[in-house]
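Dropping target12.pdb in here (PDB, C-alpha atoms, pLDDT in the B column):
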```
ATOM      1  CA  MET A 140    -104.396-101.725 -90.836  1.00 48.00           C
ATOM      2  CA  LYS A 141    -103.302-105.276 -91.097  1.00 52.00           C
ATOM      3  CA  THR A 142    -103.031-107.480 -88.080  1.00 63.00           C
ATOM      4  CA  LEU A 143    -100.039-109.563 -87.049  1.00 62.00           C
ATOM      5  CA  ALA A 144    -101.568-112.616 -88.727  1.00 67.00           C
ATOM      6  CA  ASP A 145    -101.605-110.730 -92.019  1.00 70.00           C
ATOM      7  CA  ILE A 146     -97.872-110.068 -91.645  1.00 67.00           C
ATOM      8  CA  ASP A 147     -97.247-113.837 -91.508  1.00 66.00           C
ATOM      9  CA  ARG A 148     -98.694-114.184 -94.999  1.00 69.00           C
ATOM     10  CA  LEU A 149     -96.298-111.611 -96.361  1.00 70.00           C
ATOM     11  CA  ASP A 150     -93.136-112.816 -97.973  1.00 71.00           C
ATOM     12  CA  PHE A 151     -90.461-111.565 -95.496  1.00 72.00           C
ATOM     13  CA  GLU A 152     -87.425-113.146 -94.082  1.00 79.00           C
ATOM     14  CA  PRO A 153     -87.945-114.486 -90.549  1.00 77.00           C
ATOM     15  CA  ALA A 154     -85.571-111.930 -88.951  1.00 82.00           C
ATOM     16  CA  THR A 155     -87.284-109.047 -90.731  1.00 82.00           C
ATOM     17  CA  LYS A 156     -90.700-110.382 -89.755  1.00 77.00           C
ATOM     18  CA  SER A 157     -89.736-110.488 -86.076  1.00 81.00           C
ATOM     19  CA  GLN A 158     -88.361-106.935 -86.288  1.00 83.00           C
ATOM     20  CA  VAL A 159     -91.538-105.649 -87.936  1.00 81.00           C
ATOM     21  CA  VAL A 160     -93.718-107.440 -85.352  1.00 81.00           C
ATOM     22  CA  ASP A 161     -91.663-105.967 -82.491  1.00 86.00           C
ATOM     23  CA  MET A 162     -91.929-102.483 -83.999  1.00 87.00           C
ATOM     24  CA  ILE A 163     -95.694-102.835 -84.400  1.00 84.00           C
ATOM     25  CA  ARG A 164     -96.055-104.041 -80.794  1.00 87.00           C
ATOM     26  CA  VAL A 165     -94.002-101.052 -79.543  1.00 90.00           C
ATOM     27  CA  LEU A 166     -96.158 -98.693 -81.616  1.00 89.00           C
ATOM     28  CA  LEU A 167     -99.345-100.280 -80.289  1.00 88.00           C
ATOM     29  CA  ASP A 168     -98.099-100.016 -76.680  1.00 91.00           C
ATOM     30  CA  GLN A 169     -97.128 -96.387 -77.262  1.00 92.00           C
ATOM     31  CA  THR A 170    -100.577 -95.680 -78.722  1.00 91.00           C
ATOM     32  CA  VAL A 171    -102.219 -97.202 -75.630  1.00 92.00           C
ATOM     33  CA  GLN A 172     -99.995 -95.103 -73.363  1.00 92.00           C
ATOM     34  CA  ASP A 173    -100.746 -91.948 -75.392  1.00 92.00           C
ATOM     35  CA  ARG A 174    -104.470 -92.680 -75.132  1.00 92.00           C
ATOM     36  CA  GLU A 175    -104.157 -93.096 -71.348  1.00 91.00           C
ATOM     37  CA  LEU A 176    -102.173 -89.845 -71.148  1.00 91.00           C
ATOM     38  CA  LEU A 177    -104.836 -88.046 -73.166  1.00 91.00           C
ATOM     39  CA  GLN A 178    -107.542 -89.377 -70.842  1.00 92.00           C
ATOM     40  CA  LEU A 179    -105.499 -88.251 -67.813  1.00 91.00           C
ATOM     41  CA  LYS A 180    -104.977 -84.785 -69.326  1.00 92.00           C
ATOM     42  CA  ASP A 181    -108.661 -84.547 -70.170  1.00 92.00           C
ATOM     43  CA  ALA A 182    -109.476 -85.349 -66.533  1.00 91.00           C
ATOM     44  CA  GLN A 183    -107.009 -82.688 -65.358  1.00 91.00           C
ATOM     45  CA  ILE A 184    -108.476 -80.138 -67.777  1.00 92.00           C
ATOM     46  CA  GLN A 185    -111.983 -80.957 -66.572  1.00 92.00           C
ATOM     47  CA  ALA A 186    -110.846 -80.548 -62.943  1.00 93.00           C
ATOM     48  CA  LYS A 187    -109.232 -77.200 -63.760  1.00 92.00           C
ATOM     49  CA  ASP A 188    -112.356 -76.108 -65.610  1.00 93.00           C
ATOM     50  CA  ALA A 189    -114.413 -76.985 -62.528  1.00 93.00           C
ATOM     51  CA  VAL A 190    -112.058 -74.904 -60.329  1.00 92.00           C
ATOM     52  CA  ILE A 191    -112.278 -71.987 -62.780  1.00 92.00           C
ATOM     53  CA  ARG A 192    -116.089 -72.222 -62.815  1.00 92.00           C
ATOM     54  CA  ALA A 193    -116.126 -72.217 -58.997  1.00 92.00           C
ATOM     55  CA  LYS A 194    -113.834 -69.168 -58.907  1.00 91.00           C
ATOM     56  CA  ASP A 195    -115.928 -67.375 -61.526  1.00 90.00           C
ATOM     57  CA  PHE A 196    -119.027 -68.076 -59.435  1.00 91.00           C
ATOM     58  CA  LYS A 197    -117.267 -66.732 -56.311  1.00 91.00           C
ATOM     59  CA  ILE A 198    -116.133 -63.577 -58.188  1.00 90.00           C
ATOM     60  CA  GLU A 199    -119.645 -62.991 -59.457  1.00 90.00           C
ATOM     61  CA  ALA A 200    -121.109 -63.445 -55.969  1.00 89.00           C
ATOM     62  CA  LEU A 201    -118.580 -61.019 -54.472  1.00 91.00           C
ATOM     63  CA  THR A 202    -119.260 -58.499 -57.246  1.00 90.00           C
ATOM     64  CA  HIS A 203    -122.979 -58.608 -56.524  1.00 91.00           C
ATOM     65  CA  GLU A 204    -122.367 -58.297 -52.783  1.00 89.00           C
ATOM     66  CA  LEU A 205    -120.072 -55.311 -53.337  1.00 89.00           C
ATOM     67  CA  ALA A 206    -122.660 -53.636 -55.551  1.00 88.00           C
ATOM     68  CA  HIS A 207    -125.315 -54.228 -52.879  1.00 87.00           C
ATOM     69  CA  LEU A 208    -123.114 -52.746 -50.144  1.00 86.00           C
ATOM     70  CA  ARG A 209    -122.318 -49.724 -52.309  1.00 84.00           C
ATOM     71  CA  ARG A 210    -126.041 -49.158 -52.867  1.00 83.00           C
ATOM     72  CA  ILE A 211    -126.570 -49.311 -49.117  1.00 80.00           C
ATOM     73  CA  ARG A 212    -123.703 -46.921 -48.371  1.00 78.00           C
ATOM     74  CA  PHE A 213    -123.886 -44.472 -51.275  1.00 78.00           C
ATOM     75  CA  GLY A 214    -127.493 -44.882 -52.355  1.00 74.00           C
ATOM     76  CA  VAL A 215    -130.487 -42.979 -51.066  1.00 69.00           C
ATOM     77  CA  LYS A 216    -129.703 -42.134 -47.470  1.00 66.00           C
ATOM     78  CA  SER A 217    -131.534 -43.974 -44.776  1.00 59.00           C
ATOM     79  CA  GLU A 218    -131.695 -40.762 -42.704  1.00 60.00           C
ATOM     80  CA  THR A 219    -134.241 -39.131 -44.978  1.00 65.00           C
ATOM     81  CA  LEU A 220    -137.425 -38.090 -43.276  1.00 64.00           C
ATOM     82  CA  SER A 221    -140.580 -39.946 -43.930  1.00 68.00           C
ATOM     83  CA  PRO A 222    -143.648 -37.829 -44.766  1.00 68.00           C
ATOM     84  CA  LEU A 223    -144.979 -38.424 -41.245  1.00 68.00           C
ATOM     85  CA  GLN A 224    -141.790 -37.088 -39.679  1.00 69.00           C
ATOM     86  CA  GLN A 225    -141.804 -33.930 -41.834  1.00 66.00           C
ATOM     87  CA  ASP A 226    -145.077 -32.824 -40.269  1.00 68.00           C
ATOM     88  CA  VAL A 227    -143.422 -32.651 -36.836  1.00 67.00           C
ATOM     89  CA  PHE A 228    -141.412 -29.550 -37.782  1.00 67.00           C
ATOM     90  CA  GLU A 229    -144.266 -27.661 -39.438  1.00 69.00           C
ATOM     91  CA  GLU A 230    -145.723 -26.692 -36.045  1.00 68.00           C
ATOM     92  CA  THR A 231    -142.579 -24.899 -34.925  1.00 74.00           C
ATOM     93  CA  LEU A 232    -141.895 -23.548 -38.414  1.00 71.00           C
ATOM     94  CA  GLU A 233    -144.954 -21.305 -38.387  1.00 74.00           C
ATOM     95  CA  THR A 234    -144.188 -19.881 -34.937  1.00 78.00           C
ATOM     96  CA  ASP A 235    -140.549 -19.311 -35.848  1.00 78.00           C
ATOM     97  CA  LEU A 236    -141.467 -17.504 -39.073  1.00 77.00           C
ATOM     98  CA  SER A 237    -143.992 -15.281 -37.319  1.00 79.00           C
ATOM     99  CA  ALA A 238    -141.459 -14.415 -34.586  1.00 80.00           C
ATOM    100  CA  ILE A 239    -138.859 -13.475 -37.195  1.00 81.00           C
ATOM    101  CA  ASP A 240    -141.376 -11.331 -39.111  1.00 81.00           C
ATOM    102  CA  ALA A 241    -142.377  -9.525 -35.909  1.00 82.00           C
ATOM    103  CA  GLU A 242    -138.751  -8.839 -35.030  1.00 81.00           C
ATOM    104  CA  ILE A 243    -138.051  -7.488 -38.522  1.00 80.00           C
ATOM    105  CA  GLU A 244    -141.082  -5.172 -38.354  1.00 79.00           C
ATOM    106  CA  GLN A 245    -140.058  -3.916 -34.920  1.00 76.00           C
ATOM    107  CA  LEU A 246    -136.554  -3.118 -36.106  1.00 73.00           C
ATOM    108  CA  GLN A 247    -137.890  -1.317 -39.176  1.00 68.00           C
ATOM    109  CA  ASP A 248    -140.399   0.765 -37.169  1.00 67.00           C
ATOM    110  CA  ASP A 249    -138.002   1.816 -34.381  1.00 61.00           C
ATOM    111  CA  GLN A 250    -135.129   3.358 -36.271  1.00 57.00           C
ATOM    112  CA  PRO A 251    -135.388   3.380 -40.033  1.00 52.00           C
ATOM    113  CA  GLY A 252    -132.063   4.002 -41.729  1.00 55.00           C
ATOM    114  CA  ASP A 253    -129.902   3.577 -38.605  1.00 55.00           C
ATOM    115  CA  THR A 254    -127.088   1.106 -38.912  1.00 63.00           C
ATOM    116  CA  VAL A 255    -126.466  -1.482 -36.280  1.00 66.00           C
ATOM    117  CA  ALA A 256    -123.339  -0.667 -34.269  1.00 73.00           C
ATOM    118  CA  LYS A 257    -120.705  -3.335 -34.310  1.00 77.00           C
ATOM    119  CA  PRO A 258    -119.968  -4.835 -30.940  1.00 78.00           C
ATOM    120  CA  LYS A 259    -116.631  -3.734 -29.532  1.00 79.00           C
ATOM    121  CA  ARG A 260    -113.966  -6.335 -30.017  1.00 77.00           C
ATOM    122  CA  PRO A 261    -111.796  -7.237 -27.050  1.00 74.00           C
ATOM    123  CA  ARG A 262    -108.370  -5.666 -27.115  1.00 71.00           C
ATOM    124  CA  ALA A 263    -105.847  -7.768 -29.001  1.00 75.00           C
ATOM    125  CA  GLY A 264    -102.532  -8.686 -27.442  1.00 79.00           C
ATOM    126  CA  ARG A 265    -101.693  -9.165 -23.796  1.00 80.00           C
ATOM    127  CA  GLN A 266    -104.242  -8.334 -21.173  1.00 81.00           C
ATOM    128  CA  SER A 267    -103.318  -5.902 -18.400  1.00 83.00           C
ATOM    129  CA  LEU A 268    -102.092  -7.360 -15.144  1.00 86.00           C
ATOM    130  CA  PRO A 269    -104.655  -7.630 -12.307  1.00 87.00           C
ATOM    131  CA  GLU A 270    -105.133  -4.468 -10.244  1.00 88.00           C
ATOM    132  CA  HIS A 271    -105.023  -6.237  -6.873  1.00 90.00           C
ATOM    133  CA  LEU A 272    -101.299  -7.025  -7.233  1.00 89.00           C
ATOM    134  CA  PRO A 273     -98.979  -4.569  -5.439  1.00 89.00           C
ATOM    135  CA  ARG A 274     -96.867  -2.385  -7.719  1.00 89.00           C
ATOM    136  CA  ILE A 275     -93.312  -1.170  -7.250  1.00 89.00           C
ATOM    137  CA  GLU A 276     -92.565   1.887  -9.396  1.00 90.00           C
ATOM    138  CA  HIS A 277     -89.201   2.527 -10.989  1.00 90.00           C
ATOM    139  CA  ARG A 278     -88.841   6.006 -12.550  1.00 89.00           C
ATOM    140  CA  HIS A 279     -86.266   6.356 -15.278  1.00 88.00           C
ATOM    141  CA  GLU A 280     -85.551  10.103 -15.602  1.00 85.00           C
ATOM    142  CA  PRO A 281     -83.093  11.555 -18.085  1.00 83.00           C
ATOM    143  CA  GLU A 282     -79.755  12.797 -16.713  1.00 83.00           C
ATOM    144  CA  SER A 283     -80.681  16.424 -17.377  1.00 82.00           C
ATOM    145  CA  CYS A 284     -84.022  18.118 -18.109  1.00 82.00           C
ATOM    146  CA  THR A 285     -82.516  20.812 -20.316  1.00 84.00           C
ATOM    147  CA  CYS A 286     -82.412  20.902 -24.084  1.00 84.00           C
ATOM    148  CA  GLY A 287     -79.004  20.042 -25.512  1.00 81.00           C
ATOM    149  CA  GLN A 288     -79.362  22.573 -28.368  1.00 84.00           C
ATOM    150  CA  CYS A 289     -81.037  25.647 -26.852  1.00 86.00           C
ATOM    151  CA  GLY A 290     -80.492  25.068 -23.108  1.00 82.00           C
ATOM    152  CA  LYS A 291     -84.151  25.572 -22.069  1.00 86.00           C
ATOM    153  CA  ASP A 292     -86.008  23.266 -19.678  1.00 86.00           C
ATOM    154  CA  LEU A 293     -87.774  20.293 -21.307  1.00 86.00           C
ATOM    155  CA  VAL A 294     -91.576  20.064 -21.009  1.00 86.00           C
ATOM    156  CA  LYS A 295     -93.135  16.698 -20.083  1.00 86.00           C
ATOM    157  CA  ILE A 296     -95.576  15.631 -22.843  1.00 89.00           C
ATOM    158  CA  GLY A 297     -96.380  12.092 -21.748  1.00 88.00           C
ATOM    159  CA  GLU A 298     -94.898   8.916 -20.386  1.00 89.00           C
ATOM    160  CA  ASP A 299     -94.417   5.349 -21.462  1.00 88.00           C
ATOM    161  CA  VAL A 300     -95.521   2.836 -18.825  1.00 88.00           C
ATOM    162  CA  THR A 301     -94.695  -0.845 -19.065  1.00 88.00           C
ATOM    163  CA  GLU A 302     -95.518  -3.436 -16.469  1.00 89.00           C
ATOM    164  CA  GLN A 303     -93.592  -6.612 -15.807  1.00 88.00           C
ATOM    165  CA  LEU A 304     -94.811  -9.449 -13.610  1.00 88.00           C
ATOM    166  CA  ASP A 305     -92.261 -10.641 -11.081  1.00 87.00           C
ATOM    167  CA  VAL A 306     -92.396 -13.352  -8.423  1.00 84.00           C
ATOM    168  CA  GLU A 307     -90.747 -13.765  -5.079  1.00 79.00           C
ATOM    169  CA  PRO A 308     -91.324 -17.129  -3.485  1.00 80.00           C
ATOM    170  CA  ALA A 309     -94.964 -17.137  -2.373  1.00 77.00           C
ATOM    171  CA  LYS A 310     -95.340 -13.422  -3.215  1.00 76.00           C
ATOM    172  CA  PHE A 311     -96.401 -11.722  -6.459  1.00 81.00           C
ATOM    173  CA  PHE A 312     -95.799  -8.084  -7.276  1.00 81.00           C
ATOM    174  CA  VAL A 313     -95.470  -5.862 -10.350  1.00 86.00           C
ATOM    175  CA  HIS A 314     -92.491  -3.737 -11.323  1.00 87.00           C
ATOM    176  CA  ARG A 315     -93.776  -0.575 -12.971  1.00 89.00           C
ATOM    177  CA  HIS A 316     -91.277   1.242 -15.203  1.00 90.00           C
ATOM    178  CA  ILE A 317     -92.216   4.819 -16.033  1.00 88.00           C
ATOM    179  CA  ARG A 318     -90.212   6.624 -18.675  1.00 90.00           C
ATOM    180  CA  PRO A 319     -91.212  10.277 -19.046  1.00 88.00           C
ATOM    181  CA  GLN A 320     -91.053  11.724 -22.532  1.00 88.00           C
ATOM    182  CA  TYR A 321     -89.864  15.264 -23.000  1.00 86.00           C
ATOM    183  CA  ALA A 322     -89.862  17.518 -26.001  1.00 77.00           C
TER     184      ALA A 322
END
```
Could the structure of this file be written out as structure tokens, please?
Amino acid sequence: MKTLADIDRLDFEPATKSQVVDMIRVLLDQTVQDRELLQLKDAQIQAKDAVIRAKDFKIEALTHELAHLRRIRFGVKSETLSPLQQDVFEETLETDLSAIDAEIEQLQDDQPGDTVAKPKRPRAGRQSLPEHLPRIEHRHEPESCTCGQCGKDLVKIGEDVTEQLDVEPAKFFVHRHIRPQYA
């Protein structure tokens, strides 16, 4: 590129020369500004790259820490017995096994073929009221003890007894309702 001194040698009118020189100076100033802007942007890019590298390093460190913690939590359990601790239970194991074998032999010798009776289950539903409470009986008899069809006397075949807990202030007692059943 030719310098400003080279432009003086050219055969231009003075007004045109001054215009060309001004345009070249503006272009040179703009080039200097663009170069400064590029340097500033390069510095910003380098700063951002440094931040990204720092964040990548932090992510990698956290990933390794997480993997380590997962190995601790989900890896081989720390509660496993060491070989020395396993020997502690062998002493009682032999005595327990021999006691079980002896009990099995005793059961087989005593009653071969007998089945073990199931223990009686407690009655389901409400439990009966305590016997120490006083009882007041109410008998509910039918109006007549004769058969409505044949006219003969009815025969008592059973009764339905229900008990109901009742309270008077500071006194408990049971109302007993007895309903005879006739056939």
Interatomic distance, CA of Gln303 (chain A) to CA of Leu268 (chain A) (Å, one decimal):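 Answer for the CA of Gln303 (chain A) to CA of Leu268 (chain A) separation: 8.6 Å.
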Return as a ChimeraX atom specification the set of residues that the PyMOL selection byres ((chain A and resi 284) around 10) yields on the displayed structure. /A:280-283,285-287,290-295,321-322
Rounded to one decimal place, report the CA of Gln183 (chain A)-CA of Leu201 (chain A) distance in Å.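 Distance between the two atoms: 26.9 Å.
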Around all the atoms of region 269-280 of chain A listed in the file, draw an axis-aligned box and extend it by 8 Å on each of the six sides; I want its centre and edge lengths in Å to one decimal, as AutoDock Vina command-line options.
```
--center_x -95.3 --center_y 1.2 --center_z -10.5 --size_x 35.6 --size_y 33.7 --size_z 26.2
```
May I ask which of the residues A:Arg260, A:Arg209, A:Lys194, A:Arg274 is the closest one to Asp305 (chain A), counting only C-alpha atoms?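 Using only C-alpha atoms, the shortest distance to Asp305 (chain A) belongs to A:Arg274.
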To one decimal place, how far is CA of Ile317 (chain A) from CA of Glu276 (chain A) in Å?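 Taking CA of Ile317 (chain A) as the start and CA of Glu276 (chain A) as the end point, the length is 7.3 Å.
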Apply the PyMOL selection byres ((chain A and resi 275) around 10) to the displayed file and report the matching residues as a PyMOL selection string. chain A and resi 272-274+276-278+302+312-316
Selected residue, from A:Val171, A:Leu304, A:Ala238, A:Lys197, that lies nearest to Ser267 (chain A) when counting all atoms listed in the file: A:Leu304
